[in-house]
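Listing of entry24.cif; format and content: mmCIF, C-alpha atoms.
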data_upload
#
loop_
_atom_site.label_atom_id
_atom_site.label_comp_id
_atom_site.auth_asym_id
_atom_site.auth_seq_id
_atom_site.Cartn_x
_atom_site.Cartn_y
_atom_site.Cartn_z
CA MET A 442 89.11 104.48 62.42
CA ALA A 443 92.64 105.58 61.55
CA GLU A 444 94.94 106.42 64.40
CA ALA A 445 96.00 110.08 64.47
CA ASP A 446 99.60 110.65 63.47
CA ILE A 447 100.83 112.82 66.33
CA ALA A 448 104.47 113.75 66.74
CA ILE A 449 105.15 112.81 70.38
CA VAL A 450 108.59 112.82 71.92
CA ARG A 451 109.12 110.25 74.62
CA ILE A 452 109.54 111.81 78.06
CA ALA A 453 112.99 111.20 79.44
CA PRO A 454 112.95 109.85 83.02
CA GLU A 455 115.68 112.33 83.95
CA SER A 456 113.42 115.22 82.95
CA SER A 457 110.59 113.90 85.08
CA PHE A 458 112.90 113.47 88.08
CA LYS A 459 114.32 116.95 87.57
CA ASN A 460 110.89 118.58 87.62
CA LYS A 461 109.74 116.53 90.59
CA ALA A 462 112.92 117.41 92.47
CA TYR A 463 112.43 121.07 91.60
CA ASP A 464 108.84 121.06 92.88
CA ALA A 465 109.78 119.23 96.08
CA LEU A 466 112.75 121.48 96.83
CA LYS A 467 110.86 124.69 96.07
CA GLU A 468 108.01 123.65 98.35
CA ALA A 469 110.46 122.79 101.12
CA ILE A 470 112.31 126.10 100.75
CA LEU A 471 109.05 128.06 100.86
CA LYS A 472 108.26 126.43 104.20
CA MET A 473 111.64 127.34 105.70
CA ASP A 474 112.08 130.09 108.24
CA ILE A 475 115.28 131.44 106.71
CA TYR A 476 115.29 134.67 108.74
CA SER A 477 115.20 133.07 112.19
CA THR A 478 118.98 133.35 112.43
CA PRO A 479 121.60 135.66 110.92
CA GLU A 480 123.57 132.59 109.80
CA PRO A 481 123.17 131.54 106.13
CA VAL A 482 120.92 128.57 105.42
CA MET A 483 122.86 125.96 103.45
CA LEU A 484 121.66 122.92 101.51
CA ASP A 485 123.67 119.76 100.93
CA GLU A 486 123.40 118.14 97.50
CA ARG A 487 124.16 114.64 98.76
CA ALA A 488 121.66 114.88 101.62
CA LEU A 489 118.99 116.18 99.24
CA SER A 490 119.65 113.26 96.90
CA GLU A 491 119.23 110.78 99.74
CA ARG A 492 116.13 112.48 101.15
CA LEU A 493 114.39 112.58 97.77
CA GLY A 494 115.55 109.13 96.71
CA VAL A 495 116.96 110.22 93.35
CA SER A 496 120.44 110.50 91.89
CA ARG A 497 122.43 113.71 92.20
CA THR A 498 121.95 114.60 88.51
CA PRO A 499 118.28 115.70 88.80
CA ILE A 500 119.15 117.42 92.08
CA ARG A 501 121.82 119.49 90.30
CA GLU A 502 119.38 120.30 87.51
CA ALA A 503 116.67 121.29 90.01
CA ILE A 504 119.17 123.45 91.91
CA ALA A 505 120.11 125.19 88.64
CA MET A 506 116.41 125.96 88.05
CA LEU A 507 115.98 127.24 91.60
CA GLU A 508 119.09 129.40 91.19
CA GLN A 509 117.64 130.87 88.01
CA ASP A 510 114.44 131.63 89.91
CA GLY A 511 116.41 133.40 92.64
CA PHE A 512 115.71 130.94 95.48
CA VAL A 513 119.24 129.60 95.94
CA LYS A 514 122.80 130.50 95.09
CA THR A 515 125.77 128.19 94.57
CA VAL A 516 128.73 129.48 96.57
CA PRO A 517 132.18 128.11 95.59
CA ARG A 518 133.72 125.86 98.26
CA ARG A 519 130.70 126.35 100.52
CA GLY A 520 127.72 124.77 98.83
CA ILE A 521 124.16 125.78 98.07
CA MET A 522 122.84 128.77 99.99
CA VAL A 523 119.18 129.75 100.25
CA VAL A 524 119.00 133.37 99.11
CA ARG A 525 118.00 135.98 101.65
CA ARG A 526 117.04 139.50 100.66
CA THR A 527 118.45 142.79 101.91
CA LYS A 528 116.40 145.00 104.17
CA SER A 529 115.48 147.36 101.33
CA GLU A 530 114.42 144.42 99.15
CA ILE A 531 112.29 143.04 101.97
CA VAL A 532 110.59 146.40 102.48
CA ASP A 533 109.83 146.54 98.77
CA MET A 534 108.40 143.00 98.87
CA ILE A 535 106.19 143.81 101.86
CA ARG A 536 104.85 146.87 100.07
CA ALA A 537 104.04 144.68 97.07
CA TRP A 538 102.27 142.23 99.40
CA ALA A 539 100.25 145.16 100.81
CA ALA A 540 99.05 146.04 97.31
CA LEU A 541 98.17 142.42 96.51
CA GLU A 542 96.40 141.84 99.82
CA SER A 543 94.36 145.02 99.50
CA MET A 544 93.25 143.82 96.07
CA ALA A 545 92.35 140.47 97.62
CA ALA A 546 90.19 142.34 100.15
CA ARG A 547 88.46 144.20 97.34
CA LEU A 548 87.75 140.97 95.47
CA ILE A 549 86.43 139.27 98.60
CA THR A 550 83.91 142.06 99.21
CA THR A 551 82.79 142.47 95.60
CA THR A 552 82.62 138.87 94.37
CA THR A 553 80.91 135.71 95.54
CA ALA A 554 82.94 135.00 98.68
CA ARG A 555 80.52 133.47 101.16
CA LYS A 556 79.88 135.20 104.46
CA LYS A 557 80.59 132.03 106.42
CA ASP A 558 84.00 131.76 104.74
CA ILE A 559 84.80 135.35 105.64
CA THR A 560 83.65 134.85 109.22
CA ALA A 561 85.77 131.68 109.40
CA LEU A 562 88.83 133.97 109.29
CA ARG A 563 88.06 134.71 112.94
CA ASP A 564 88.91 131.12 113.81
CA PHE A 565 92.59 131.86 113.38
CA PHE A 566 92.42 134.14 116.43
CA LYS A 567 89.75 132.43 118.54
CA ASP A 568 92.34 131.35 121.11
CA PHE A 569 93.58 134.90 121.72
CA GLY A 570 92.08 137.84 123.57
CA LYS A 571 92.25 139.74 126.84
CA ASP A 572 92.54 136.52 128.83
CA ARG A 573 95.14 135.04 126.49
CA LEU A 574 97.33 137.75 125.04
CA PRO A 575 99.22 137.12 121.78
CA GLU A 576 102.44 138.43 123.33
CA ASP A 577 102.31 135.62 125.90
CA HIS A 578 102.04 132.97 123.17
CA VAL A 579 104.21 134.44 120.42
CA GLU A 580 105.07 131.25 118.53
CA GLU A 581 101.46 130.09 118.40
CA TYR A 582 100.21 133.54 117.44
CA SER A 583 102.87 133.84 114.75
CA ARG A 584 101.58 130.66 113.08
CA ALA A 585 98.01 131.94 113.26
CA ASN A 586 99.12 135.27 111.80
CA ILE A 587 100.80 133.70 108.76
CA ALA A 588 97.90 131.30 108.17
CA PHE A 589 95.43 134.19 108.31
CA HIS A 590 97.21 136.19 105.63
CA GLN A 591 97.49 133.15 103.36
CA ALA A 592 93.80 132.36 103.87
CA LEU A 593 92.81 135.94 103.08
CA ILE A 594 94.67 135.82 99.77
CA SER A 595 93.17 132.42 98.98
CA LEU A 596 89.65 133.69 99.72
CA SER A 597 90.00 136.15 96.83
CA GLU A 598 89.74 133.11 94.52
CA SER A 599 92.31 134.71 92.24
CA PRO A 600 94.94 132.19 91.08
CA VAL A 601 97.14 135.08 89.91
CA LEU A 602 97.15 136.71 93.36
CA VAL A 603 97.91 133.36 94.98
CA ASP A 604 100.83 132.73 92.63
CA LEU A 605 102.24 136.24 93.05
CA THR A 606 102.10 136.10 96.84
CA ASN A 607 103.62 132.60 96.87
CA ASP A 608 106.71 134.07 95.25
CA LEU A 609 106.94 136.65 98.04
CA LEU A 610 105.89 134.34 100.86
CA LEU A 611 109.31 132.99 101.83
CA HIS A 612 110.66 136.46 102.61
CA VAL A 613 107.56 138.30 103.83
CA ARG A 614 106.63 135.43 106.14
CA GLY A 615 110.12 135.36 107.61
CA TYR A 616 109.96 139.01 108.57
CA ARG A 617 106.39 138.74 109.85
CA GLN A 618 107.65 136.04 112.20
CA LEU A 619 110.62 138.13 113.28
CA THR A 620 108.56 141.22 114.07
CA ILE A 621 105.54 139.58 115.67
CA GLY A 622 107.52 138.96 118.85
CA ARG A 623 108.12 142.68 119.34
CA LYS A 624 105.63 144.05 121.85
CA ASP A 625 104.98 147.24 119.92
CA ARG A 626 103.92 145.11 116.91
CA THR A 627 102.07 142.38 118.80
CA ALA A 628 99.91 144.86 120.70
CA THR A 629 98.40 146.26 117.50
CA SER A 630 98.35 143.06 115.45
CA LEU A 631 95.22 141.35 116.81
CA PRO A 632 92.98 144.46 116.74
CA GLU A 633 94.09 145.21 113.19
CA HIS A 634 93.34 141.66 112.05
CA LEU A 635 89.88 141.74 113.62
CA GLY A 636 89.24 145.16 112.08
CA MET A 637 90.06 143.75 108.65
CA ILE A 638 87.64 140.88 109.18
CA GLU A 639 84.88 143.25 110.35
CA ALA A 640 85.22 145.33 107.19
CA LEU A 641 85.17 142.20 105.03
CA GLU A 642 82.05 140.89 106.78
CA ALA A 643 80.33 144.24 106.25
CA ARG A 644 81.28 144.14 102.55
CA ASP A 645 82.75 147.61 103.02
CA THR A 646 85.12 147.46 100.08
CA GLU A 647 86.98 150.72 100.62
CA LEU A 648 87.47 150.15 104.34
CA ALA A 649 88.52 146.51 103.92
CA GLU A 650 90.98 147.47 101.21
CA LYS A 651 92.41 150.31 103.34
CA ARG A 652 92.74 148.23 106.50
CA ALA A 653 94.44 145.38 104.66
CA ARG A 654 96.86 147.77 102.96
CA ASP A 655 97.61 149.85 106.06
CA HIS A 656 98.20 146.76 108.21
CA THR A 657 100.91 145.43 105.91
CA LEU A 658 102.38 148.85 105.16
CA GLY A 659 102.79 149.15 108.92
CA LEU A 660 105.01 146.08 108.79
CA ALA A 661 107.02 147.62 105.94
CA ALA A 662 107.54 150.81 107.95
CA TYR A 663 108.60 148.81 111.01
CA VAL A 664 111.14 146.76 109.06
CA GLU A 665 112.49 149.90 107.43
CA ALA A 666 112.96 151.55 110.82
CA HIS A 667 114.10 148.55 112.86
CA GLY A 668 115.35 145.97 110.35
CA GLN A 669 118.92 146.01 111.64
CA GLU A 670 117.75 145.27 115.18
CA LEU A 671 115.71 142.18 114.36
CA PHE A 672 118.62 139.75 114.64
CA THR A 673 119.89 141.17 117.93
#
Kindly present the structure from the file in structure tokens form.
Amino acid sequence: MAEADIAIVRIAPESSFKNKAYDALKEAILKMDIYSTPEPVMLDERALSERLGVSRTPIREAIAMLEQDGFVKTVPRRGIMVVRRTKSEIVDMIRAWAALESMAARLITTTTARKKDITALRDFFKDFGKDRLPEDHVEEYSRANIAFHQALISLSESPVLVDLTNDLLLHVRGYRQLTIGRKDRTATSLPEHLGMIEALEARDTELAEKRARDHTLGLAAYVEAHGQELFT
């Protein structure tokens, strides 16, 4: 049998390192809490090279890709800064998340999502209630809050929704964490989450969609009204 004559270009090691560095740095940035302080979050090229165990060339190339994607910005004489959005941009992103999450709720109630998987969403909040208020355990509740919203999107089984929300996650998550410590937000958060789960369990599409949308739009309204106060 004759071997197929396929035009294949050898993969350059530098290209492979560049892409791997890009993936590793993007994942690390997405896990950062860049809104926990008003100070800019800076990255050091040399430190990144040492941490990833590659030369500085693929790091520079990966940084250029991340800059093109809007994750970082090279500042002359200062270094590499992780990009933070303005208040108005954040509000717009949260509104977009509300639309995407409400669609996720619709898909969960109208497709083959299993009841036990929907009910498992309650596990994120099993350690909180009247005897253990979220406002008394803000850091722990904040982690549960973020994990819940990611799990809800994932339960839609829509790769497109997951990808779209991943692009927003860095910024929306940061502001969710900032606001969850405010008593006027924390007091309503747990009941709203449980209400969303109840509507999903009942396969009440319109109600689940509305509760998911209204919950996140509430965050958008709060940031719009109090965004300047969040760092004080």
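Counting only C-alpha atoms and comparing A:Leu660, A:Leu635, A:Leu466, A:Val601, the residue that lies closest to Arg614 of chain A is A:Leu660.
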Legend entry - Distance query 10 Å from (112.6, 116.6, 95.4) using only C-alpha atoms, result as a PyMOL selection string: chain A and resi 458-469+489-495+499-500+503
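Each of A:Ser543, A:Ser457, A:Leu596, A:Thr527 was checked against Glu502 of chain A using only C-alpha atoms; the smallest atom-to-atom distance is that of A:Ser457.
If you look at atom CA of Ala666 of chain A and atom CA of Leu631 of chain A, they are 21.3 Å away from each other.
Closest to Ala585 of chain A among A:Thr606, A:Thr629, A:Gln618, A:Ser496 is A:Gln618, based on all atoms listed in the file.
The two atoms in question, atom CA of Asp474 of chain A and atom CA of Gly615 of chain A, are spaced 5.7 Å apart.
What the PyMOL selection byres ((chain A and resi 646-655) around 7) picks from this file is Ala539, Ala540, Glu542, Ser543, Met544, Ala546, Arg547, Thr550, Met637, Ala640, Leu641, Arg644, Asp645, His656, Thr657, Leu658 and Gly659 of chain A.
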Filtering to C-alpha atoms, could you give me those residues as a JSON list (two decimals), in the coordinates of the input?
[["chain", "number", "residue", "atom", "x", "y", "z"],
["A", 539, "ALA", "CA", 100.25, 145.16, 100.81],
["A", 540, "ALA", "CA", 99.05, 146.04, 97.31],
["A", 542, "GLU", "CA", 96.40, 141.84, 99.82],
["A", 543, "SER", "CA", 94.36, 145.02, 99.50],
["A", 544, "MET", "CA", 93.25, 143.82, 96.07],
["A", 546, "ALA", "CA", 90.19, 142.34, 100.15],
["A", 547, "ARG", "CA", 88.46, 144.20, 97.34],
["A", 550, "THR", "CA", 83.91, 142.06, 99.21],
["A", 637, "MET", "CA", 90.06, 143.75, 108.65],
["A", 640, "ALA", "CA", 85.22, 145.33, 107.19],
["A", 641, "LEU", "CA", 85.17, 142.20, 105.03],
["A", 644, "ARG", "CA", 81.28, 144.14, 102.55],
["A", 645, "ASP", "CA", 82.75, 147.61, 103.02],
["A", 656, "HIS", "CA", 98.20, 146.76, 108.21],
["A", 657, "THR", "CA", 100.91, 145.43, 105.91],
["A", 658, "LEU", "CA", 102.38, 148.85, 105.16],
["A", 659, "GLY", "CA", 102.79, 149.15, 108.92]]
